[in-house]
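Note sheet for the following structure.
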There are 2 protein chains.
Amino acid sequence: MSKTEIPSKEKLLAISVSIKPYIHHTPVLHSASLDKLSGSRLLFKCENFQKTGSFKIRGAMNAVLSLTPEERKKGIITHSSGNFAQAAAYAAGCLGVKAKIVMPQNVVPAKRDAVLGYGAEIIYSGDLPGDREEKCHAEQKISGAAFIHPSNDINVITGHSSCAIEFINDNEPLDAVFVPVGGGGLISGIACGFAAISPDTKVIGGEPAGADDAYQSIQAGFIIPQTSPQTIADGLRTSLGDITFPIIRELVNEIVTVSEEEIISAMRLIWQRMKIIVEPSSAVAFAAFLKRTADFKNKSVGIILSGGNVNIDDLPF
Amino acid sequence: MSKTEIPSKEKLLAISVSIKPYIHHTPVLHSASLDKLSGSRLLFKCENFQKTGSFKIRGAMNAVLSLTPEERKKGIITHSSGNFAQAAAYAAGCLGVKAKIVMPQNVVPAKRDAVLGYGAEIIYSGDLPGDREEKCHAEQKISGAAFIHPSNDINVITGHSSCAIEFINDNEPLDAVFVPVGGGGLISGIACGFAAISPDTKVIGGEPAGADDAYQSIQAGFIIPQTSPQTIADGLRTSLGDITFPIIRELVNEIVTVSEEEIISAMRLIWQRMKIIVEPSSAVAFAAFLKRTADFKNKSVGIILSGGNVNIDDLPF
């Protein structure tokens, strides 16, 4: 879209209601020790407890629900090496829609098994993101299945807005909310939700310095694709798209980049103090907040913990 | 006591109310995937989210609240290498009571720092449990401080009953509840709570095969002390006492022993499926349930997750 069309409050609320039967209303946790450490009142939105282990089910579910009856018959296709694969497989399975998921040959076995367990078909591609996309489009042409992009899809984005709606309804007004930035689907959805319902809340992105395409793109004013991401935050290695970029440019106040050491240290703090398991991508949002504590003394700050799918046999500590 | 005196419902409810301002009312979590795996409806009582990271604060708080004004002036003393040290330090700190904690020289630095952070004094002893007890009694004679045993103390036990009361009030009736057994303070408190309020619920202990003094003691009909415990479940290496043993003998239906492999496998399942951090001692209760799934098909089963204080730099997986 040439100009950003921010979805209306009514539309976002309707989407939130339609996906509600299929997802968890996730809890918001507090930590007295992290409040003390930071000087803020922190509210952690726990999408690590979400169905399929991440927020991705929100967008995937809305995308599948948005298909016409004709499209549903032909099934869906997507590509993902991570959380969107499981989410799309689960969402399609809920509605009896066939799903083909293009995944790299070197996919983690646990993720492969989860996708198969939800009844989806896996199509293997080469290991580079470009390989997956190419394979996906070729397969899509053959089968006529509806392609759902993991982040750059307006139905996926507005599905993610339901996370913001729950967060706003369940809590006191937030002065700011910190969100991880990868392909930009989550932060676009969160930003649309807050813009529609709680426009005074600042929306701030956290991005790995080793995969800072969103930060670079915002500075440049045009999309600079991510070429060789170097980060432990495996959910944040992808690029912004032509739908997410203008939303972020218009609605996100700032993007804060963080080092790998800051990501690991933030992840460690959450594990140790909150006794919950979050993946490195979730820790990126908290790490970004930890660089901005001076700006939020005695304020209420939301942190989106995006997921908990981490390989516990291969931890950074 | 020669005959077990089970505390009345009224007494337990009053204790539960008196400690309420100082502790967390912990959440109960479900897991669709673990329900599916086991064929039961599982309810996990999350004491890993409790203040100081374990259920121990419940008993410690009640013990300190039960002191006379004279006793409070002289302070408290206890011995612990683990969770009770932090709990006693925190409880005493809440009420402005001095606390001396006897800990082994080789205590984990994080636990030492937590105790000091709560304002308690640490007295170092040798590394064996016997060394701690000896040092503790010698110090107690000098200072006149009130000694609080980490498990074999009726105020500690009835404080822990508050966990059962929350569990019963918050949920559907439970067919059984699985509880880890170490010194027996937790399971005694839980058993008293269920006996008073939900007597049809079976109370089942989980104990490491490598520290099975409770199992052996129940079989023998007298206390067989734990001599050389061999288990990763560091909270469960201690022995039953003359207060906990008769309560367990009267009120606990069965004690199920589990291997180290079963403990680690159960801990892994909880971490991976529930995205929460529990210590090995907590996993022992779940491991015990997993050996009894055939008995509880389609039934409601509670699992007490006793704590989340685990050294994430030294994991068994």
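A note on labels: chains of the structure tokens are A, B, ... as shown, every chain counts residues from 1, and ligands are counted from 1 in their shown order.
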
With 10 Å as the limit and counting only C-alpha atoms, what residues in chain B lie close to chain A? Please list them as a CSV table (one decimal) with C-alpha atoms, in the first residue's frame.
```csv
chain,number,residue,atom,x,y,z
B,29,LEU,CA,-1.3,-23.7,35.3
B,31,SER,CA,-1.0,-27.8,29.8
B,32,ALA,CA,-3.1,-29.2,27.0
B,33,SER,CA,-0.2,-31.2,25.7
B,48,ASN,CA,8.2,-21.7,41.6
B,49,PHE,CA,6.6,-18.3,41.3
B,50,GLN,CA,6.4,-17.9,45.1
B,51,LYS,CA,8.3,-15.1,46.9
B,52,THR,CA,12.0,-16.3,47.4
B,53,GLY,CA,11.4,-18.8,44.6
B,268,ARG,CA,12.6,-31.5,30.8
B,271,TRP,CA,10.4,-26.8,30.9
B,272,GLN,CA,9.6,-27.7,27.3
B,273,ARG,CA,5.9,-27.9,27.3
B,274,MET,CA,5.0,-25.4,30.0
B,275,LYS,CA,7.8,-22.9,29.4
B,276,ILE,CA,8.4,-22.5,33.1
B,277,ILE,CA,11.5,-23.1,35.2
B,278,VAL,CA,11.2,-25.6,38.0
B,279,GLU,CA,14.0,-27.1,40.1
B,307,GLY,CA,10.2,-24.2,43.6
B,308,GLY,CA,12.2,-22.7,40.8
B,309,ASN,CA,15.7,-22.0,42.3
B,310,VAL,CA,17.9,-23.8,39.8
B,311,ASN,CA,21.4,-22.8,38.8
B,312,ILE,CA,20.9,-22.3,35.0
B,313,ASP,CA,24.7,-22.6,34.5
B,314,ASP,CA,24.6,-26.2,35.6
B,315,LEU,CA,21.6,-27.9,34.0
B,316,PRO,CA,21.2,-31.7,33.6
B,317,PHE,CA,20.4,-31.2,29.9
```

List the neighbours of Ala120 in chain B out to 6 Å using only C-alpha atoms; skip same-chain residues closer than 3 positions along the sequence, and give me the result as a ChimeraX atom specification.
/B:89,99-100,115-116

Store the residues of this selection in a file with N, CA and C atoms, as a CSV table (one decimal), in the first residue's frame.
```csv
chain,number,residue,atom,x,y,z
B,89,ALA,N,15.2,-15.8,56.0
B,89,ALA,CA,15.8,-14.5,56.0
B,89,ALA,C,14.8,-13.5,55.5
B,99,ALA,N,17.8,-12.4,61.9
B,99,ALA,CA,17.9,-13.8,61.5
B,99,ALA,C,19.4,-14.2,61.4
B,100,LYS,N,19.7,-15.4,62.0
B,100,LYS,CA,21.1,-16.0,61.7
B,100,LYS,C,20.8,-17.3,61.0
B,115,VAL,N,20.4,-14.4,50.7
B,115,VAL,CA,20.2,-14.4,52.1
B,115,VAL,C,20.7,-13.0,52.7
B,116,LEU,N,21.9,-12.7,52.2
B,116,LEU,CA,22.5,-11.4,52.7
B,116,LEU,C,21.6,-10.2,52.2
```

Would you pick out the contacts of range 238-247 of chain A at 9 Å or less, using only C-alpha atoms, so that residues sharing its chain but fewer than 5 positions from it are not included, and give the list as a PyMOL selection string?
chain A and resi 1-6+129+151-154+157+181-185+187-189+191-192+211+213-214+217-218+222-227+229+252

Spatial neighbours of range 77-80 of chain B, max dist 7 Å, only C-alpha atoms, sep filter under 5 positions, as an MDAnalysis selection string
chainID B and resid 85 99:103 132:133 136 140 145:149

Write out as number ranges by chain the set of residues from range 84-306 of chain A that DSSP, computed on the backbone, places in strand (DSSP E or B).
A: 99-104, 121-125, 146-147, 176-180, 202-208, 254-258, 276, 300-305

Find the residues near Lys297 in chain A: any atom within 9 Å, counting only C-alpha atoms, skip ones fewer than 3 places away on the same chain, and give them as a PyMOL selection string.
chain A and resi 38-41+293-294+300

Got time to write the residues from that selection, C-alpha atoms, as a short mmCIF file (atom, residue, chain, number, x, y, z; two decimals), in the first residue's frame?
```cif
data_model
loop_
_atom_site.label_atom_id
_atom_site.label_comp_id
_atom_site.auth_asym_id
_atom_site.auth_seq_id
_atom_site.Cartn_x
_atom_site.Cartn_y
_atom_site.Cartn_z
CA SER A 38 14.80 -0.89 36.80
CA GLY A 39 12.85 1.68 38.79
CA SER A 40 9.81 1.13 36.55
CA ARG A 41 6.61 -0.83 36.96
CA THR A 293 15.48 2.71 31.98
CA ALA A 294 16.42 6.35 32.64
CA SER A 300 4.39 1.66 33.63
#
```

Using DSSP on the backbone coordinates, identify all residues within range 96-187 of chain A classified as alpha helix (DSSP H); present the result as a ChimeraX atom specification.
/A:109-117,129-143,154-170,185-187

Take CA of Phe44 in chain B and CA of Phe286 in chain B and report the distance between them in Å, one decimal.
9.2 Å

Could you work out how far CA of Gly206 in chain A lies from CA of Phe289 in chain A, giving the answer in Å with one decimal?
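Between CA of Phe289 in chain A and CA of Gly206 in chain A the gap works out to 7.9 Å.
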
Got a sec: who's within 8 Å of Ser162 in chain A, counting only C-alpha atoms, leaving out chain neighbours fewer than 5 positions off, as a PyMOL selection string?
chain A and resi 12-13+15-16+58+189-190+193

I need the chosen residues saved as a PDB file, in the first residue's frame, with C-alpha atoms.
```pdb
ATOM      1  CA  LEU A  12      -9.353  -4.916  15.273  1.00  0.00           C
ATOM      2  CA  LEU A  13     -11.853  -5.691  18.025  1.00  0.00           C
ATOM      3  CA  ILE A  15     -10.737  -9.817  14.652  1.00  0.00           C
ATOM      4  CA  SER A  16      -9.828 -10.227  18.292  1.00  0.00           C
ATOM      5  CA  ARG A  58      -2.723 -14.969  16.494  1.00  0.00           C
ATOM      6  CA  GLY A 189       0.143  -5.429  14.847  1.00  0.00           C
ATOM      7  CA  ILE A 190       0.939  -4.150  18.332  1.00  0.00           C
ATOM      8  CA  GLY A 193      -3.655  -1.958  18.356  1.00  0.00           C
TER       9      GLY A 193
END
```

Hey, which of B:Leu34, B:Lys135, B:Gly159, B:Ile270 ends up closest to Lys56 in chain B? Count only C-alpha atoms.
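Residue with the minimum atom-to-atom distance to Lys56 in chain B: B:Gly159.
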
Nearest to Ser281 in chain A, chosen from A:Pro208, A:Pro104, A:Pro21, A:Gly144, with only C-alpha atoms counted in the distances:
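Closest residue, counting only C-alpha atoms: A:Pro208.
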
Of the candidates A:Pro27, A:Lys98, A:Ala88, A:Ser282, which shows the shortest atom-to-atom distance to Ser143 in chain A, using only C-alpha atoms?
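Closest to Ser143 in chain A of all the choices is A:Lys98.
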